[in-house]
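Only one structure is covered here, and it is reproduced in the block below.
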Amino acid sequence: MQSIRTNGSSANNGINPEEAYVLVVEDNVPNFVLIARMLAFMGIQNCEWKTTGWGVVDFAQTMPRVDLVLMDLRLPHEDGYEALEQIRLDPMLKETRVVVVTAQASAEEMKRARSAGFDGFLSKPLDPDKFPDQIKRILRGEEIWELG
Amino acid sequence: MTNLDGDIEWQFKDICAAGSNIMEQRTSHGVLEALLKFAQTSSLVDESWCSLQLFQHDEIPLAQYPPHWPKSFIKKKKLIAVSTPFIDDRLTKSARKWLVASSFKSAVFLPIQAYGTQFAEVGLFSKTTENISESTISVIKHLTDIASMAIARTWLFRERLAIQQYSQDMAHAISADDAIQTTLNLLNNNLSLSSGNIFLLSAESTLQLHTTSQEVRFFQNASVEELNFPTSTVIITPRARKNPLNLPKYYSSLNNGNTFHQLLLLPIFNQKTLKGAVALEHNTESRSFSPEEVEFATLVVDLLNTTLENLSLFDELLRRAQELISLNQVSEKISSTLNNRELAEIVHLEIQNLTSCRVFLLAMVETGSLHIQPLLMVDGMREILLDPVPLRPDSDFYWAIRELETVLVEAGDPIMRSIWDIVSDSTDLDSPPINCIFSPMAHGGIGYGFMAIFADDIKPFTPDDIQIVRAVSHQAALGLANSALLVAEQTHVSELRSLFNVTRAMATGITSDDRVTGMIRTLHSSLNQADISVFMLGSGGALELVGWQGDRPAIPQEGNLAESLIGRVLLEKGTQYQPNLNSLMPSEKIGSEGFGSQIALPITISGELAGILNAQHAEVGMLSERELRLLQSVSVSLASTLENGRLFREIQEANARLKALDELKTKFLANMSHELRTPLNSIIGFSRIMMKGMNGPVTDEQYIDLESIYNSGQHLLNLINDILDLAKLEAGKMALVFDEIDLFELANSVMVTTRGLVHDQNVELHISIDPLATHIIGDKIRLRQILLNLLSNAAKFTHNGSITLSTKPSDSEEMVLICVEDSGAGIDEATLPRIFDIFEQGRNAVYPESSGTGLGLSIVRELVQLHQGKITVESKIDEGTCFYLHMPRQQEGYQSESPGSSLKRSASGVGDSTPEVEESHCKQAILLVDDDPIIFKLYHKYLSRMPIELISASNGVDALELLNDERYDVVMIILDLHMPEMDGWETLKQIKLTPGTDHIPVIISSVEPDRKKAAELEIEYVLPKPVKYADLQKLTLKALGQLDVPA
């Protein structure tokens, strides 16, 4: 099931995948590789990888800008929620969309993520048939909340 | 003197009328007047006259008639006729004079007599003739005879009246004196006595003499025999006076020598006993008692007798009434006192008042200790204190107290001996009395005590005394019973109160320790500040102090158990009750030194000795039976409290363990889901991107292998999802969120998905929504899951034919029937009953390519049941299968609310009040922007079967306003390019630039659509006018499908 909500504020500044800066926070190597492959396939050239929520903001500041963070929830040291908190505290990252990518694919988790302030929710296993489109729409400003 | 012989007939009539008139008169006056009237009117004589001679009647005398006339003319009571010169010695002197002076020539005098007594005389006078004719005389004679009779009759009448009056007087007489005086007056008045006396012998052998002069004299010590009263009526004449036998002795002595002419004596009887006499006297020779007078007197005396008898009965009644009143007062006094001593005093006082009593003993029986407890012993005026006397339950006396009525006990009787045994040492009497009244006080089969009374001096008791004592003792017994009951009740109430307090203390404690502590504290205060200790038997068999209250806790004696009370409880497993510890040897009460009383009870849980409840008090007797009972009750409660506490702790621990287990389970499920999904992400993801050629081209063989990996991955994912759902359902963790579900909307939505599943098959899809079954309350997501599950099953097994989703009203008004029917393979009869079981796949064998998890139908059934619904199935091999969902229209706890609040329900806490959520529950609508009303009608017709509302605007400005209308969630815009105000392209630009509307798919409907321009503005759909229905439907479904199902 999938539902779409409009993020009105970012409606007109859609980002081209080619220009987008994406940070993937994922502690599972194959999963990162899969995401990276799919992002690359859809033309995203600026993709960085972090394996823990700890130090996400510091890392993000090393990037020219961050348009999208694909955040796993279960992470060592600092989990996705803690990392989100840090991101939201940084004014430099206020345009950054933070979307959950998690194997904890439950309505409860989605609810929690929504109230924590995430901008979207994609559940693992990701569907390579839909993923590129989903990312495109997210970059366009859509909110995607999806339970696999 | 005119014609007396003339008109005989008239005269006869005249005389008859006069006679009748005379006879009719009621009074003697009347009689005489009637007689005179006749004499005068009949002109028999010149003058007539009548004189009454009043000697025995109180009637007003007829005054001389005329007044100056002589009182009497004749000396003898005989008819005489006289004439001038009236020289006749039968005439009185004054009469002669008067007759001469009055110049009468002749006169006739006639006496009127009644009862032999001259009553009046009538005189007839003539101035014309010297001889009054014989006929005139005979007429008058006749009439005077009639008058005599009439007067006698009026006299009788008067007598009767007098007697009547007398009876009334008698009836009202309140005392014998009264009655006697009234009688004397009556007799005197009616019989013109010279004197009348009534003698009456009273009960005290005193002779009372009542006289007509209202005098009463008393003569002591007279006896009936001596007095020689007559037994019947006698008349004594002077001659008889000489006969001493006939003249009562008393009479001569009273009469002071006065002589009497005649003495009438009448006896007075009372209850057939001669009690006196009435003596009536005439002392002139002219008067004697006629038989009628005697009869009258007899009648009167009879009445007197009756009256006196009644009065004596009345006196007796009065006496008894007074006795009763007195007894009643006693019983009131007795029943109003609850103090036994006071009661004894009242009883004693009363007994003294009612009978003569020398020794009085009232004692209670103490049934518990079987002692006679004297309450009051009085010897004469002296009160004596008696010690309690043991009462043997097998003794006659014990029996007598319970079973006997009040009795007169003779000397020598065993009861007398028992009583004497009790009082002999204390009384001044040397020997038992002749008799005594023994009055047991029993009530309701319980002997509360007894009363023993010795009479004053030598006079023995009479049956009357027994009656009195019985009545008093009965009251006393009731009093004692009441007070005993009250005492019992008070004890009971105080016990109950203590027990209540203890129980309350136990009940109000939250933990078992609190309760035990509270109980111990309350026991301490309820048991006269006794030291209370509670021990529990530890696992090693040692007593562990659980709690205590008081000066110090009890010491559970170690070593020889038999030497201490607590030890003996352990040894004998029974209560040790010792109200007097002083009676024990020091070696029997080790650990209880310094205490006067002690009770140690076992606390028994499930029949096993689990602990000891010990109470000890410094004073002897402070822990007695009452306390024992209380402790016994408490020890039972205590045992259950301790047991409950233990069980409660166990349950708490078990609960905590279960809760931990439950949490572990939930955590495990979440973890498992996560841990399985993570590798699946790689499996599904990499295989798919390779299949899609993202990593470069793949060969057909590689593609087939990759597809296997991908499909298996998907299958595994479905399995995981289903298992998790099932686990959730079974753990009861699946919470439904109820909302109103539009079945048409839902059916369309799931059919879109189903179409995708059968796109390569020759399968027709049908939706049929009955107008009577369009909505139900349920969990939208779960119902959707149910339908998709059933439809995907149908799609899986139907390769050729149709799948129909339909709704119908059920037999029950509260239910709706939803059917998912296919014309597919069908399920065989053997499998049909098991298809809802886990991992049961009816058609696996036949269709090995089916990729079901085997859990779908189990989940469906659970979800339906969670909705309080029911799922049934019908199937025939090769004909098809139909699943029936019997779903309730309403769900418990769901109330149809305003749209706003129902949204919140379904959102269930996910940003409850965020506008986005509200938005999603606005009415979904398609916005038609066209200035042609015909077009609107057309679209309206086209879209009428869609689960969506059509709203329209005739220009761009209105369109933008509708897009901002909160009531509508515009899911698609159909835009005409040629419009007034703001043209289509301008409108489109505005739509695409406005946040919130920029995502809405727009269909450009135009006669000449500019596809290039449309593409620039990311317009996906262009419909050339005239619009075709099929195109519109397709595009609409696509637009809706994009919103509702994964693309």
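We label chains A, B, ... in the order they appear in the structure tokens, count residues from 1 in each chain, and number ligands from 1 in the order shown.
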
Residues of region 20-114 of chain A classed as alpha helix (DSSP H) by DSSP on the backbone are to be reported as a short mmCIF file (atom, residue, chain, number, x, y, z; two decimals) with C-alpha atoms, in the first residue's frame.
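The file below, states24.cif, is the result:
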data_model
loop_
_atom_site.label_atom_id
_atom_site.label_comp_id
_atom_site.auth_asym_id
_atom_site.auth_seq_id
_atom_site.Cartn_x
_atom_site.Cartn_y
_atom_site.Cartn_z
CA VAL A 29 27.09 -3.24 2.80
CA PRO A 30 25.09 -5.17 0.18
CA ASN A 31 22.08 -3.02 0.88
CA PHE A 32 24.10 0.13 0.37
CA VAL A 33 25.55 -1.26 -2.80
CA LEU A 34 22.08 -2.09 -4.10
CA ILE A 35 20.81 1.42 -3.35
CA ALA A 36 23.92 2.97 -4.84
CA ARG A 37 23.49 0.88 -7.99
CA MET A 38 19.92 1.91 -8.40
CA LEU A 39 20.68 5.56 -7.72
CA ALA A 40 23.51 5.48 -10.20
CA PHE A 41 21.25 3.79 -12.74
CA VAL A 56 25.90 12.32 10.24
CA VAL A 57 25.73 16.13 10.53
CA ASP A 58 29.51 16.48 10.58
CA PHE A 59 29.71 14.24 7.57
CA ALA A 60 26.96 16.12 5.77
CA GLN A 61 28.82 19.36 6.26
CA GLY A 80 18.18 6.77 12.55
CA TYR A 81 15.97 8.69 14.95
CA GLU A 82 18.89 10.15 16.83
CA ALA A 83 20.57 11.03 13.57
CA LEU A 84 17.39 12.76 12.36
CA GLU A 85 17.30 14.83 15.52
CA GLN A 86 20.83 16.02 14.84
CA ILE A 87 20.02 16.81 11.24
CA ARG A 88 16.94 18.79 12.19
CA LEU A 89 18.99 20.86 14.60
CA ALA A 107 2.75 0.37 10.46
CA GLU A 108 3.95 1.13 13.97
CA GLU A 109 7.40 1.96 12.79
CA MET A 110 6.03 4.14 10.01
CA LYS A 111 3.86 5.93 12.51
CA ARG A 112 6.84 6.49 14.73
CA ALA A 113 8.91 7.76 11.87
CA ARG A 114 6.18 10.12 10.80
#

Could you give me the residues within chain A that DSSP places in strand (DSSP E), as a ChimeraX atom specification?
/A:2-6,21-25,46-50,68-71,97-102,120-123,142-146

Test item: residues at most 8 Å from Met71 (chain A), only C-alpha atoms, excluding those fewer than 4 positions along its chain, as a VMD selection string:
chain A and resid 24 to 26 80 98 to 102

Would you give me, as a PyMOL selection string, the residues of chain B that come within 6 Å of chain A, using only C-alpha atoms?
chain B and resi 674+677-678+680-682+685+910+995-996

Since we have the selection now, will you write its residues out, keeping C-alpha atoms, as a short mmCIF file (atom, residue, chain, number, x, y, z; two decimals), in the first residue's frame?
data_model
loop_
_atom_site.label_atom_id
_atom_site.label_comp_id
_atom_site.auth_asym_id
_atom_site.auth_seq_id
_atom_site.Cartn_x
_atom_site.Cartn_y
_atom_site.Cartn_z
CA HIS B 674 13.94 -7.01 10.21
CA ARG B 677 13.99 -8.44 5.24
CA THR B 678 17.56 -7.24 5.28
CA LEU B 680 15.86 -10.26 1.14
CA ASN B 681 16.55 -6.70 0.20
CA SER B 682 19.72 -7.87 -1.45
CA GLY B 685 17.01 -6.09 -5.24
CA VAL B 910 -0.48 9.47 13.19
CA PRO B 995 1.44 24.08 -4.04
CA GLY B 996 -1.10 21.38 -3.22
#

Length of the CA of Ser687 (chain B) to CA of Pro132 (chain A) vector [Å]
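CA of Pro132 (chain A) lies 15.8 Å from CA of Ser687 (chain B).
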
Would you list the contacts of Leu706 (chain B) as a list in words, taking every protein, DNA or RNA residue within 9 Å and counting only C-alpha atoms, but skipping same-chain residues closer than 4 positions in sequence?
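My list of contacting residues is Phe686, Ser687, Arg688, Met690, Met691, Glu701, Gln702, Tyr710 and Asn711 of chain B.
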
Fewer than 4 positions away in the same chain doesn't count, so skip those; otherwise give me all residues within 10 Å of Asn16 (chain A), counting only C-alpha atoms, as a PDB file with C-alpha atoms, in the first residue's frame.
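File around.pdb, as written:
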ATOM      1  CA  ALA A  20      21.135  15.810  -6.508  1.00  0.00           C
ATOM      2  CA  TYR A  21      23.361  15.122  -3.526  1.00  0.00           C
ATOM      3  CA  GLY A  43      21.513   9.161 -12.943  1.00  0.00           C
ATOM      4  CA  ILE A  44      22.380  10.280  -9.447  1.00  0.00           C
ATOM      5  CA  LYS A 136      12.472  10.964  -8.531  1.00  0.00           C
ATOM      6  CA  LEU A 139      13.353  14.806  -5.267  1.00  0.00           C
ATOM      7  CA  ARG A 140      10.388  16.555  -6.809  1.00  0.00           C
TER       8      ARG A 140
END

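Using only C-alpha atoms, the shortest contact distance between Arg137 (chain A) and any of B:Ala656, B:Ala179, B:Glu24, B:His999 is found at B:His999.
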
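Going from CA of Thr298 (chain B) to CA of Phe260 (chain B) covers 19.9 Å.
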
Got a sec: who's within 12 Å of Glu281 (chain B), counting only C-alpha atoms, leaving out chain neighbours fewer than 4 positions off, as a PyMOL selection string?
chain B and resi 184+187-188+191-198+211-212+234-238+251+255+258-266+285+287-289+294+297

Store the residues of this selection in a file with C-alpha atoms, as a compact mmCIF listing (two decimals), in the first residue's frame.
# COMPACT_ATOMS: atom_id res chain seq x y z
CA LEU B 184 -84.38 1.50 102.79
CA LEU B 187 -89.33 0.68 101.35
CA ASN B 188 -89.88 3.53 103.72
CA LEU B 191 -94.74 1.23 102.82
CA SER B 192 -95.00 4.21 105.21
CA LEU B 193 -92.87 2.40 107.75
CA SER B 194 -92.43 3.57 111.25
CA SER B 195 -88.90 2.31 110.95
CA GLY B 196 -86.79 0.14 108.68
CA ASN B 197 -83.47 -1.54 109.32
CA ILE B 198 -81.13 -3.65 107.30
CA THR B 211 -81.37 2.47 109.40
CA THR B 212 -83.91 4.62 107.64
CA VAL B 234 -91.67 -13.68 108.29
CA ILE B 235 -94.08 -11.27 109.92
CA ILE B 236 -93.73 -11.04 113.65
CA THR B 237 -96.63 -9.66 115.63
CA PRO B 238 -96.46 -8.48 119.27
CA TYR B 251 -83.26 -7.07 117.26
CA ASN B 255 -84.81 -1.58 119.62
CA ASN B 258 -89.64 0.31 121.57
CA THR B 259 -92.61 -1.73 120.80
CA PHE B 260 -93.72 -2.51 117.33
CA HIS B 261 -97.04 -3.50 116.05
CA GLN B 262 -95.78 -5.57 113.17
CA LEU B 263 -92.27 -6.58 112.15
CA LEU B 264 -91.59 -7.79 108.63
CA LEU B 265 -88.30 -9.70 108.37
CA LEU B 266 -86.77 -10.60 105.02
CA GLU B 285 -102.02 -0.68 115.20
CA ARG B 287 -100.89 -0.12 110.02
CA SER B 288 -100.21 -3.64 109.10
CA PHE B 289 -98.43 -5.24 106.16
CA VAL B 294 -95.10 -8.00 101.69
CA ALA B 297 -90.93 -5.77 99.99
